[in-house]
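Colleague: Just so it is clear, I am handing over input17.csv, which has CSV, C-alpha atoms.
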chain,number,residue,atom,x,y,z
K,28,MET,CA,6.3,1.9,-0.5
K,29,ALA,CA,8.5,1.4,2.4
K,30,ILE,CA,11.3,2.8,4.4
K,31,ASP,CA,14.8,1.3,4.1
K,32,PRO,CA,15.2,-0.4,7.5
K,33,ARG,CA,19.0,0.2,7.3
K,34,THR,CA,18.4,4.0,7.7
K,35,GLN,CA,15.3,4.2,9.7
K,36,ALA,CA,15.2,1.4,12.3
K,37,PRO,CA,17.1,1.8,15.6
K,38,HIS,CA,20.7,0.5,15.4
K,39,THR,CA,21.0,-2.9,17.0
K,40,PRO,CA,24.0,-5.2,16.4
K,41,PRO,CA,22.8,-8.0,14.1
K,42,ASP,CA,23.2,-10.8,16.5
K,43,SER,CA,22.3,-9.2,19.8
K,44,VAL,CA,19.2,-10.1,21.7
K,45,VAL,CA,17.5,-7.7,24.1
K,46,GLY,CA,17.5,-9.1,27.6
K,47,ALA,CA,20.0,-11.8,26.8
K,48,SER,CA,22.9,-12.4,29.1
K,49,PRO,CA,26.4,-11.1,28.1
K,50,GLY,CA,28.0,-13.2,25.4
K,51,THR,CA,24.6,-14.7,24.4
K,52,THR,CA,23.8,-14.2,20.8
K,53,SER,CA,21.1,-15.2,18.4
K,54,ARG,CA,22.3,-17.2,15.4
K,55,ARG,CA,19.1,-18.5,14.1
K,56,LEU,CA,18.3,-17.2,10.6
K,57,PRO,CA,20.4,-14.0,11.1
K,58,SER,CA,19.4,-12.8,7.6
K,59,LEU,CA,15.9,-12.2,8.9
K,60,ARG,CA,16.8,-10.1,11.9
K,61,HIS,CA,16.4,-6.8,10.1
K,62,LEU,CA,13.5,-7.8,7.8
K,63,GLY,CA,10.8,-5.3,8.6
K,64,PRO,CA,7.1,-5.0,7.8
K,65,ASN,CA,8.0,-2.7,4.9
K,66,TRP,CA,8.8,-5.8,2.8
K,67,TYR,CA,5.1,-6.4,2.2
K,68,ALA,CA,5.3,-3.4,-0.1
K,69,THR,CA,7.0,-5.6,-2.7
K,70,VAL,CA,3.8,-7.8,-2.6
K,71,MET,CA,1.5,-4.8,-2.9
K,72,GLY,CA,3.5,-3.1,-5.7
K,73,THR,CA,3.5,-6.3,-7.7
K,74,ALA,CA,-0.1,-7.3,-7.2
K,75,ILE,CA,-1.3,-3.8,-8.3
K,76,VAL,CA,0.5,-4.2,-11.6
K,77,ALA,CA,-1.7,-7.2,-12.4
K,78,THR,CA,-5.0,-5.7,-11.2
K,79,ALA,CA,-4.5,-2.3,-12.7
K,80,GLY,CA,-3.5,-3.9,-16.0
K,81,ALA,CA,-6.8,-5.9,-16.0
K,82,ALA,CA,-8.8,-2.8,-15.2
K,83,LEU,CA,-7.5,-0.7,-18.1
K,84,PRO,CA,-10.4,0.5,-20.3
K,85,VAL,CA,-8.4,-0.5,-23.4
K,86,HIS,CA,-7.6,-3.8,-25.1
K,87,VAL,CA,-3.9,-4.5,-25.4
K,88,PRO,CA,-3.1,-7.9,-27.0
K,89,GLY,CA,-1.2,-10.2,-24.6
K,90,LEU,CA,-1.7,-7.9,-21.6
K,91,ARG,CA,-4.1,-10.2,-19.9
K,92,GLY,CA,-1.6,-13.1,-20.0
K,93,LEU,CA,1.1,-10.9,-18.6
K,94,CYS,CA,-1.1,-9.7,-15.8
K,95,VAL,CA,-1.8,-13.4,-14.9
K,96,ALA,CA,2.0,-14.0,-14.8
K,97,VAL,CA,2.5,-10.9,-12.6
K,98,TRP,CA,-0.3,-12.0,-10.3
K,99,ALA,CA,1.5,-15.4,-9.9
K,100,VAL,CA,4.7,-13.6,-8.9
K,101,SER,CA,2.8,-11.5,-6.3
K,102,ALA,CA,1.2,-14.6,-4.8
K,103,ALA,CA,4.6,-16.3,-4.5
K,104,LEU,CA,6.0,-13.1,-3.0
K,105,LEU,CA,3.2,-13.1,-0.4
K,106,VAL,CA,4.0,-16.6,0.7
K,107,ALA,CA,7.7,-15.8,0.9
K,108,VAL,CA,7.3,-12.6,2.8
K,109,LEU,CA,4.7,-14.1,5.2
K,110,ALA,CA,7.1,-17.0,5.9
K,111,ALA,CA,10.1,-14.7,6.4
K,112,ARG,CA,8.1,-12.4,8.7
K,113,ALA,CA,6.9,-15.4,10.7
K,114,GLY,CA,10.6,-16.5,11.0
K,115,HIS,CA,11.4,-12.9,12.1
K,116,TRP,CA,8.9,-13.0,14.9
K,117,VAL,CA,9.9,-16.5,16.0
K,118,HIS,CA,13.6,-16.1,16.0
K,119,HIS,CA,14.1,-12.4,16.5
K,120,ARG,CA,11.1,-11.5,18.7
K,121,ASP,CA,13.0,-8.7,20.5
K,122,ARG,CA,13.7,-7.0,17.1
K,123,ALA,CA,10.1,-7.4,16.1
K,124,ARG,CA,8.9,-5.7,19.3
K,125,GLU,CA,11.4,-2.9,18.6
K,126,HIS,CA,9.9,-2.4,15.2
K,127,LEU,CA,6.4,-2.2,16.7
K,128,LEU,CA,7.5,0.4,19.2
K,129,ASP,CA,9.6,2.4,16.7
K,130,PRO,CA,7.5,5.4,15.4
K,131,ALA,CA,9.5,5.2,12.1
K,132,VAL,CA,8.7,1.5,11.5
K,133,ALA,CA,5.4,0.8,13.2
K,134,PRO,CA,3.1,2.4,10.6
K,135,PHE,CA,4.5,-0.1,8.0
K,136,HIS,CA,2.6,-2.9,9.8
K,137,GLY,CA,-0.3,-1.5,7.8
K,138,CYS,CA,1.3,-3.0,4.7
K,139,MET,CA,0.6,-6.6,5.7
K,140,PRO,CA,-3.2,-6.4,5.4
K,141,MET,CA,-2.9,-4.4,2.2
K,142,ALA,CA,-0.7,-7.2,0.7
K,143,LEU,CA,-3.3,-9.8,1.6
K,144,LEU,CA,-6.1,-7.7,0.1
K,145,ALA,CA,-4.1,-6.9,-3.1
K,146,VAL,CA,-3.3,-10.5,-3.8
K,147,GLY,CA,-6.8,-11.6,-3.0
K,148,ALA,CA,-8.3,-9.1,-5.4
K,149,GLY,CA,-5.7,-10.1,-8.1
K,150,THR,CA,-6.7,-13.7,-7.6
K,151,LEU,CA,-10.4,-13.0,-8.4
K,152,SER,CA,-9.8,-10.5,-11.1
K,153,VAL,CA,-7.0,-12.2,-13.1
K,154,GLY,CA,-5.8,-15.2,-11.2
K,155,ARG,CA,-9.1,-17.0,-12.0
K,156,ASP,CA,-7.7,-17.6,-15.5
K,157,ALA,CA,-5.1,-19.9,-14.0
K,158,VAL,CA,-6.9,-21.4,-11.0
K,159,GLY,CA,-10.5,-21.3,-12.0
K,160,HIS,CA,-13.4,-19.2,-10.8
K,161,THR,CA,-14.4,-21.3,-7.7
K,162,ALA,CA,-10.9,-21.5,-6.3
K,163,ALA,CA,-10.3,-17.8,-7.0
K,164,VAL,CA,-13.4,-16.9,-5.0
K,165,ALA,CA,-12.4,-19.1,-2.1
K,166,VAL,CA,-8.8,-17.6,-2.0
K,167,ASP,CA,-10.1,-14.1,-2.3
K,168,ALA,CA,-12.7,-14.7,0.5
K,169,VAL,CA,-10.0,-15.9,2.8
K,170,LEU,CA,-7.5,-13.2,2.0
K,171,PHE,CA,-10.2,-10.5,2.1
K,172,THR,CA,-11.4,-11.6,5.5
K,173,ALA,CA,-7.9,-11.9,7.0
K,174,GLY,CA,-6.8,-8.6,5.4
K,175,THR,CA,-9.8,-6.7,6.6
K,176,ALA,CA,-9.6,-8.0,10.1
K,177,VAL,CA,-5.9,-7.2,10.4
K,178,GLY,CA,-6.4,-3.9,8.7
K,179,LEU,CA,-9.1,-2.7,11.0
K,180,ALA,CA,-7.1,-3.8,14.0
K,181,GLY,CA,-4.0,-2.0,12.8
K,182,ALA,CA,-6.1,1.2,12.1
K,183,VAL,CA,-6.7,1.3,15.9
K,184,VAL,CA,-3.6,-0.2,17.4
K,185,ILE,CA,-1.0,1.8,15.5
K,186,PRO,CA,-2.6,5.2,16.2
K,187,TYR,CA,-3.0,4.1,19.8
K,188,LEU,CA,0.7,3.3,20.1
K,189,MET,CA,1.5,6.7,18.5
K,190,VAL,CA,-0.5,8.4,21.3
K,191,VAL,CA,0.6,6.4,24.3
K,192,ARG,CA,4.1,5.1,23.4
K,193,HIS,CA,5.6,6.8,20.4
K,194,ARG,CA,4.8,10.4,21.2
K,195,PRO,CA,6.2,11.9,18.0
K,196,ARG,CA,7.5,15.4,18.3
K,197,PRO,CA,5.6,18.3,16.8
K,198,GLY,CA,6.4,18.8,13.2
K,199,SER,CA,7.5,15.2,12.6
K,200,ALA,CA,4.3,14.1,10.7
K,201,SER,CA,5.2,11.7,7.9
K,202,PRO,CA,3.3,10.3,4.9
K,203,VAL,CA,3.9,6.8,6.3
K,204,TRP,CA,1.4,7.6,9.1
K,205,LEU,CA,-1.2,7.0,6.4
K,206,LEU,CA,-0.4,3.4,5.9
K,207,PRO,CA,-2.4,1.8,8.7
K,208,LEU,CA,-5.3,4.1,7.8
K,209,VAL,CA,-5.4,3.2,4.1
K,210,ALA,CA,-5.8,-0.5,4.8
K,211,PRO,CA,-9.6,-0.3,5.4
K,212,MET,CA,-9.9,1.7,2.2
K,213,VAL,CA,-8.3,-1.1,0.3
K,214,SER,CA,-10.9,-3.4,1.8
K,215,ALA,CA,-13.6,-1.0,0.6
K,216,ALA,CA,-12.1,-1.1,-2.9
K,217,THR,CA,-11.6,-4.9,-3.1
K,218,GLY,CA,-14.7,-6.0,-1.2
K,219,PRO,CA,-17.1,-5.3,-4.1
K,220,LEU,CA,-15.5,-8.1,-6.1
K,221,LEU,CA,-17.1,-10.5,-3.7
K,222,VAL,CA,-20.6,-8.9,-3.6
K,223,PRO,CA,-21.9,-10.7,-6.6
K,224,GLU,CA,-20.6,-14.0,-5.3
K,225,LEU,CA,-23.0,-13.9,-2.3
K,226,PRO,CA,-26.6,-15.0,-2.5
K,227,PRO,CA,-29.0,-12.1,-3.2
K,228,GLY,CA,-30.4,-10.5,-0.1
K,229,GLN,CA,-29.0,-9.5,3.2
K,230,GLY,CA,-25.5,-10.8,2.6
K,231,ARG,CA,-24.9,-8.7,-0.5
K,232,GLU,CA,-26.3,-5.6,1.1
K,233,ALA,CA,-24.4,-6.1,4.3
K,234,LEU,CA,-21.1,-6.5,2.5
K,235,LEU,CA,-21.8,-3.5,0.2
K,236,LEU,CA,-22.6,-1.2,3.2
K,237,ALA,CA,-19.7,-2.6,5.2
K,238,CYS,CA,-17.3,-1.6,2.4
K,239,TYR,CA,-18.9,1.8,2.3
K,240,ALA,CA,-18.4,2.2,6.1
K,241,MET,CA,-14.7,1.3,5.7
K,242,PHE,CA,-14.5,3.9,2.9
K,243,GLY,CA,-15.8,6.5,5.3
K,244,LEU,CA,-13.6,5.3,8.2
K,245,SER,CA,-10.4,5.6,6.1
K,246,LEU,CA,-11.4,8.8,4.3
K,247,LEU,CA,-12.1,10.7,7.5
K,248,ALA,CA,-8.9,9.4,9.2
K,249,THR,CA,-6.9,10.5,6.1
K,250,LEU,CA,-8.4,14.0,6.3
K,251,VAL,CA,-7.1,14.2,9.9
K,252,VAL,CA,-3.5,13.2,9.0
K,253,LEU,CA,-3.0,14.8,5.6
K,254,PRO,CA,-3.0,18.4,6.9
K,255,LEU,CA,-0.4,17.4,9.4
K,256,VAL,CA,1.8,16.0,6.6
K,257,PHE,CA,1.5,19.1,4.5
K,258,ALA,CA,2.1,21.4,7.5
K,259,ARG,CA,5.3,19.5,8.2
K,260,LEU,CA,6.5,20.1,4.7
K,261,VAL,CA,5.7,23.8,4.8
K,262,HIS,CA,7.2,24.5,8.2
K,263,GLU,CA,10.1,22.0,8.4
K,264,GLY,CA,11.1,21.8,4.7
K,265,PRO,CA,11.6,18.8,2.4
K,266,LEU,CA,11.9,15.3,3.7
K,267,PRO,CA,15.3,13.7,4.0
K,268,LEU,CA,16.5,12.5,0.6
K,269,ALA,CA,15.9,8.8,1.2
K,270,LEU,CA,12.4,9.4,2.4
K,271,THR,CA,11.3,11.7,-0.4
K,272,PRO,CA,9.5,8.8,-2.4
K,273,THR,CA,7.2,8.4,0.6
K,274,LEU,CA,5.4,11.5,-0.5
K,275,LEU,CA,3.7,9.4,-3.1
K,276,LEU,CA,2.0,7.4,-0.3
K,277,VAL,CA,-0.5,10.3,-0.2
K,278,LEU,CA,-1.8,9.0,-3.6
K,279,GLY,CA,-2.9,5.8,-1.9
K,280,PRO,CA,-6.0,7.0,-0.1
K,281,LEU,CA,-6.8,9.3,-3.0
K,282,GLY,CA,-6.6,6.8,-5.7
K,283,GLN,CA,-8.0,3.9,-3.6
K,284,SER,CA,-11.0,5.9,-2.5
K,285,THR,CA,-11.8,6.8,-6.1
K,286,THR,CA,-11.5,3.2,-7.0
K,287,ALA,CA,-13.7,2.2,-4.1
K,288,VAL,CA,-16.6,4.5,-5.0
K,289,ASN,CA,-16.5,3.3,-8.6
K,290,GLN,CA,-16.3,-0.4,-7.6
K,291,LEU,CA,-19.2,0.1,-5.2
K,292,ALA,CA,-21.3,1.8,-7.9
K,293,ASP,CA,-20.7,-1.2,-10.2
K,294,VAL,CA,-22.2,-3.7,-7.9
K,295,ALA,CA,-24.8,-1.5,-6.1
K,296,PRO,CA,-27.7,-2.4,-8.4
K,297,ARG,CA,-27.3,-6.1,-7.6
K,298,ALA,CA,-27.1,-5.5,-3.8
K,299,ILE,CA,-29.4,-2.6,-2.9
K,300,GLY,CA,-32.5,-1.2,-4.3
K,301,ALA,CA,-33.7,2.3,-5.4
K,302,PRO,CA,-33.1,5.1,-4.7
K,303,TYR,CA,-29.7,4.1,-3.2
K,304,ALA,CA,-28.3,2.2,-6.2
K,305,PRO,CA,-28.4,5.1,-8.6
K,306,ALA,CA,-27.0,7.4,-5.9
K,307,PHE,CA,-23.9,5.2,-5.6
K,308,GLY,CA,-23.3,5.8,-9.4
K,309,ALA,CA,-23.8,9.5,-9.1
K,310,PHE,CA,-21.5,9.7,-6.0
K,311,ALA,CA,-18.8,7.8,-7.8
K,312,VAL,CA,-18.5,10.6,-10.4
K,313,LEU,CA,-19.2,13.6,-8.0
K,314,TYR,CA,-16.5,12.3,-5.6
K,315,GLY,CA,-14.1,10.7,-7.9
K,316,VAL,CA,-13.5,13.5,-10.4
K,317,PRO,CA,-12.4,16.2,-7.9
K,318,VAL,CA,-10.3,13.7,-5.8
K,319,MET,CA,-8.6,12.5,-9.0
K,320,GLY,CA,-7.8,16.2,-9.7
K,321,PHE,CA,-6.2,16.6,-6.3
K,322,ALA,CA,-4.3,13.3,-6.8
K,323,LEU,CA,-2.8,14.7,-10.0
K,324,LEU,CA,-1.8,17.9,-8.2
K,325,TRP,CA,-0.1,15.9,-5.5
K,326,LEU,CA,1.6,13.7,-8.1
K,327,ALA,CA,3.1,16.7,-9.7
K,328,LEU,CA,4.2,18.2,-6.4
K,329,SER,CA,5.8,15.0,-5.1
K,330,GLY,CA,7.3,14.3,-8.6
K,331,ALA,CA,9.0,17.7,-8.4
K,332,MET,CA,10.3,16.9,-4.9
K,333,VAL,CA,11.7,13.5,-6.2
K,334,VAL,CA,13.5,15.2,-9.0
K,335,ARG,CA,15.0,17.7,-6.5
K,336,ALA,CA,16.1,14.8,-4.3
K,337,MET,CA,17.6,12.9,-7.2
K,338,ARG,CA,19.6,16.0,-8.2
K,339,ARG,CA,21.0,16.0,-4.7
K,340,GLY,CA,22.1,12.4,-4.8
K,341,MET,CA,19.1,10.3,-3.7
K,342,GLY,CA,19.9,6.7,-4.3
K,343,PHE,CA,17.8,3.6,-4.3
K,344,THR,CA,16.2,2.5,-1.0
K,345,MET,CA,13.0,0.5,-0.3
K,346,THR,CA,11.1,3.7,-0.2
K,347,TRP,CA,11.1,3.5,-4.0
K,348,TRP,CA,8.3,1.0,-3.8
K,349,GLY,CA,6.2,4.1,-3.0
K,350,PHE,CA,6.1,4.6,-6.7
K,351,THR,CA,4.1,1.4,-7.3
K,352,PHE,CA,1.0,0.7,-5.2
K,353,PRO,CA,-0.2,4.3,-4.8
K,354,VAL,CA,0.2,5.1,-8.5
K,355,GLY,CA,-1.6,1.8,-9.2
K,356,THR,CA,-4.6,2.9,-7.2
K,357,CYS,CA,-4.8,6.0,-9.4
K,358,VAL,CA,-4.8,3.8,-12.4
K,359,THR,CA,-7.8,1.8,-11.2
K,360,GLY,CA,-9.5,5.0,-10.0
K,361,ALA,CA,-9.1,6.7,-13.5
K,362,ALA,CA,-10.2,3.5,-15.1
K,363,GLY,CA,-13.4,3.5,-13.0
K,364,LEU,CA,-14.1,7.1,-13.9
K,365,ALA,CA,-13.6,6.2,-17.6
K,366,ARG,CA,-16.3,3.5,-17.2
K,367,HIS,CA,-18.8,5.8,-15.5
K,368,THR,CA,-18.3,9.0,-17.5
K,369,GLY,CA,-17.4,7.6,-20.9
K,370,LEU,CA,-14.7,10.3,-21.3
K,371,THR,CA,-11.6,9.2,-23.3
K,372,GLY,CA,-9.5,11.6,-21.2
K,373,PHE,CA,-9.8,9.3,-18.2
K,374,THR,CA,-8.9,6.3,-20.4
K,375,TRP,CA,-5.7,7.9,-21.6
K,376,LEU,CA,-5.0,9.1,-18.0
K,377,ALA,CA,-5.3,5.5,-16.8
K,378,VAL,CA,-2.9,4.3,-19.6
K,379,ALA,CA,-0.3,7.0,-18.9
K,380,LEU,CA,-0.4,6.2,-15.2
K,381,TYR,CA,-0.1,2.5,-15.9
K,382,LEU,CA,3.0,3.1,-18.0
K,383,LEU,CA,4.5,5.0,-15.1
K,384,LEU,CA,3.5,2.2,-12.7
K,385,VAL,CA,5.1,-0.5,-14.8
K,386,THR,CA,8.3,1.5,-15.2
K,387,ALA,CA,8.6,2.2,-11.5
K,388,TRP,CA,7.8,-1.5,-10.6
K,389,ALA,CA,10.4,-2.8,-13.0
K,390,TYR,CA,13.1,-0.5,-11.6
K,391,ALA,CA,12.2,-1.1,-8.0
K,392,GLY,CA,12.0,-4.8,-8.5
K,393,ALA,CA,15.4,-5.0,-10.3
K,394,ARG,CA,17.1,-3.0,-7.6
K,395,THR,CA,15.5,-4.9,-4.8
K,396,LEU,CA,16.6,-8.2,-6.3
K,397,GLY,CA,20.1,-6.9,-6.6
K,398,GLY,CA,20.1,-5.7,-3.0
K,399,LEU,CA,18.9,-9.1,-1.9
K,400,LEU,CA,21.6,-10.9,-3.8
K,401,SER,CA,24.3,-8.6,-2.4
K,402,GLY,CA,22.8,-8.8,1.1
K,403,ALA,CA,22.7,-5.0,1.3
K,404,LEU,CA,19.0,-4.7,2.0
K,405,LEU,CA,19.1,-7.2,4.9
K,406,ALA,CA,22.2,-5.8,6.5
K,407,ALA,CA,22.2,-4.4,10.0
K,408,PRO,CA,21.2,-0.7,10.2
K,409,ARG,CA,24.0,1.8,10.2
K,410,PRO,CA,24.6,3.8,13.4
K,411,PRO,CA,23.1,7.3,13.3
K,412,ARG,CA,25.3,10.0,11.9
K,413,SER,CA,25.2,13.8,12.0
K,414,VAL,CA,23.1,15.4,9.3
K,415,THR,CA,23.5,18.9,7.9
K,416,VAL,CA,20.2,20.5,7.2
K,417,ARG,CA,19.8,22.2,3.8
K,418,THR,CA,17.2,24.8,3.3
K,419,THR,CA,17.7,25.5,-0.4
Starting from the file, lay out its structure as structure tokens.

Modeller:
Amino acid sequence: MAIDPRTQAPHTPPDSVVGASPGTTSRRLPSLRHLGPNWYATVMGTAIVATAGAALPVHVPGLRGLCVAVWAVSAALLVAVLAARAGHWVHHRDRAREHLLDPAVAPFHGCMPMALLAVGAGTLSVGRDAVGHTAAVAVDAVLFTAGTAVGLAGAVVIPYLMVVRHRPRPGSASPVWLLPLVAPMVSAATGPLLVPELPPGQGREALLLACYAMFGLSLLATLVVLPLVFARLVHEGPLPLALTPTLLLVLGPLGQSTTAVNQLADVAPRAIGAPYAPAFGAFAVLYGVPVMGFALLWLALSGAMVVRAMRRGMGFTMTWWGFTFPVGTCVTGAAGLARHTGLTGFTWLAVALYLLLVTAWAYAGARTLGGLLSGALLAAPRPPRSVTVRTT
């Protein structure tokens, strides 16, 4: 779910520091200099494997234990990436500022709050088997609060920078623009887990409606950006090969919004009275079914584009993590529709999408680990080179 910083970030020598005197170099933790915010995608993509597996409307022997193990890996990854990004800001602040002002990299700052939210939700849904219910609630409450605050801030700051600093050229809309806008939707989908943990009354209702407000915020913002993305594809042609997997990022707001309305419908009867509680349940189906249909259409379209790119030589980059979290949100969305409609078709759809998710996660994880061990994924970005545009 991220752009390979070697191909998308501006080229800067690995040991140079902006504003430093000639001959002055930064040698502190040089391996972190080119570690961008896209690395949080590894956390998101791993956490969703655990939560989506737990949400499946079928019983698979041993799956719950595997989900707990995957959640533990995602929690460890979160700690590691948070520490690495903190080191990046401390020792390579000039590079961090460049990332924030680079229109190709800045939207990936939306990955951090989603990583916090994903691990928090995983802690309460499956991690409680390992740490206990009380500790799981406390961890999720902290991560949900932090992720929501950072996500709402990013949903304002990143578009602001796009308007006043980035100034992207016409026809350059990218699916990565959706990343900071999806974070509040992740809050809307994960917040309902905490609703039953609050005392009955104002607290539950306030959290429920706050999640619903974030659902609307993110949905309307997505409806503004998505037409720009499709228009860019129609008028400018396919994305560059390395960026083709980012097309699946569009599935994020679609699957996550379907998950959100179903999760909100599950807890509404315990948080808000009639006639609103039944309306939440009806809206979950009336909204979720057509949106899931569009998600499947986009999955087919983007899948065809990925096959095209692979036939033209697309290799592995960090963008391949786009096959994980967005697909995982469609798993949880289909599972929610299976609960509320009782249709076995949605059950099998959730299972099929989960198999796709696990396959993509295993491949992306293995290739990322190999890239880390070889040092290729943390190498300095290559200088820009001329590109021949293909129209066929």

Colleague: Which residue is closest to Ala287 (chain K)? Choose from K:Leu247, K:Leu220, K:Ala327, K:Ala215 and count only C-alpha atoms.

Modeller: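 Counting only C-alpha atoms, the residue closest to Ala287 (chain K) is K:Ala215.
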
Colleague: Quick check, in Å to one decimal: how far apart do CA of Thr395 (chain K) and CA of Thr351 (chain K) lie?

Modeller: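 Interatomic distance, CA of Thr395 (chain K) to CA of Thr351 (chain K): 13.3 Å.
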
Colleague: Suppose you want the space between CA of Arg394 (chain K) and CA of Thr346 (chain K); what is it in Å?

Modeller: 11.6 Å

Colleague: I'd like the neighbourhood of His136 (chain K) as a PyMOL selection string, where a residue qualifies if any of its atoms comes within 10 Å (using only C-alpha atoms), though same-chain residues fewer than 4 positions away should be ignored.

Modeller: chain K and resi 63-67+126-127+132+140-141+177-178+181-182+185+206-207

Colleague: List as an MDAnalysis selection string the protein and nucleic acid residues near Leu253 (chain K), meaning an atom at most 9 Å away when all atoms listed in the file are counted, but skip any in the same chain fewer than 5 places from it.

Modeller: chainID K and resid 200 202 205 248 258 277

Colleague: Give me, please, the distance in Å between CA of Arg338 (chain K) and CA of Pro265 (chain K), quoted to one decimal.

Modeller: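 Computed distance, CA of Arg338 (chain K) to CA of Pro265 (chain K), equals 13.6 Å.
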
Colleague: Using all atoms listed in the file, which of the listed residues (K:Ile75, K:Val191, K:Leu234, K:Leu179) sits closest to Thr150 (chain K)?

Modeller: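 For Thr150 (chain K), the nearest of the given residues is K:Ile75.
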
Colleague: Could you check the closest approach to Ala107 (chain K) for each of K:Ala322, K:Leu364, K:Leu170, K:Val70 and tell me which residue wins, using all atoms listed in the file?

Modeller: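 Result for the nearest residue to Ala107 (chain K): K:Val70.
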
Colleague: Just want the 8 Å neighbourhood of Arg60 (chain K), counted on all atoms listed in the file, with same-chain residues fewer than 2 positions away dropped. Output as a list of chain:residue names.

Modeller: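 Everything that qualifies: K:Pro41, K:Asp42, K:Leu56, K:Pro57, K:Ser58, K:Leu62, K:His115, K:His118, K:His119, K:Arg122, K:Leu405.
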
Colleague: Convert the current residue selection to file output with C-alpha atoms, as a CSV table (one decimal), in the coordinates of the input.

Modeller:
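again34.csv, written as the output of this step:
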chain,number,residue,atom,x,y,z
K,41,PRO,CA,22.8,-8.0,14.1
K,42,ASP,CA,23.2,-10.8,16.5
K,56,LEU,CA,18.3,-17.2,10.6
K,57,PRO,CA,20.4,-14.0,11.1
K,58,SER,CA,19.4,-12.8,7.6
K,62,LEU,CA,13.5,-7.8,7.8
K,115,HIS,CA,11.4,-12.9,12.1
K,118,HIS,CA,13.6,-16.1,16.0
K,119,HIS,CA,14.1,-12.4,16.5
K,122,ARG,CA,13.7,-7.0,17.1
K,405,LEU,CA,19.1,-7.2,4.9

Colleague: Arg192 (chain K): which residues within 10 Å, counting only C-alpha atoms, same-chain residues fewer than 4 positions away excluded, as number ranges by chain?

Modeller: K: 128-130, 185-188

Colleague: Quick one: residues within 12 Å of Val169 (chain K), only C-alpha atoms, excluding same-chain residues fewer than 3 positions away - as a VMD selection string?

Modeller: chain K and resid 140 143 to 144 146 to 148 150 to 151 162 to 166 172 to 176 218 221

Colleague: With C-alpha atoms retained, write the just-selected residues as a tab-separated table (two decimals), keeping the file's coordinate frame.

Modeller:
chain	number	residue	atom	x	y	z
K	140	PRO	CA	-3.20	-6.40	5.40
K	143	LEU	CA	-3.30	-9.80	1.60
K	144	LEU	CA	-6.10	-7.70	0.10
K	146	VAL	CA	-3.30	-10.50	-3.80
K	147	GLY	CA	-6.80	-11.60	-3.00
K	148	ALA	CA	-8.30	-9.10	-5.40
K	150	THR	CA	-6.70	-13.70	-7.60
K	151	LEU	CA	-10.40	-13.00	-8.40
K	162	ALA	CA	-10.90	-21.50	-6.30
K	163	ALA	CA	-10.30	-17.80	-7.00
K	164	VAL	CA	-13.40	-16.90	-5.00
K	165	ALA	CA	-12.40	-19.10	-2.10
K	166	VAL	CA	-8.80	-17.60	-2.00
K	172	THR	CA	-11.40	-11.60	5.50
K	173	ALA	CA	-7.90	-11.90	7.00
K	174	GLY	CA	-6.80	-8.60	5.40
K	175	THR	CA	-9.80	-6.70	6.60
K	176	ALA	CA	-9.60	-8.00	10.10
K	218	GLY	CA	-14.70	-6.00	-1.20
K	221	LEU	CA	-17.10	-10.50	-3.70

Colleague: Quick one: of K:Ser152, K:Thr285, K:Ser199, K:Thr368, who's nearest to Glu263 (chain K), counting only C-alpha atoms?

Modeller: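 Going through K:Ser152, K:Thr285, K:Ser199, K:Thr368 one by one, the smallest distance to Glu263 (chain K) is for K:Ser199.
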
Colleague: Using only C-alpha atoms, find the one residue out of K:Leu268, K:Ala298, K:Leu370, K:Leu324 that sits nearest to Arg339 (chain K).

Modeller: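 Between K:Leu268, K:Ala298, K:Leu370, K:Leu324, the residue approaching Arg339 (chain K) most closely is K:Leu268.
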
Colleague: Using all atoms listed in the file, which of the listed residues (K:Ala393, K:Met212, K:Ala103, K:Ala331) sits closest to Cys238 (chain K)?

Modeller: K:Met212

Colleague: For a quick check of your reading of the model, name the residues lying within 8 Å of the coordinate (-6.9, 2.3, -11.2), counting only C-alpha atoms, and write them as a PyMOL selection string.

Modeller: chain K and resi 79+82-83+282-283+286+355-363+377
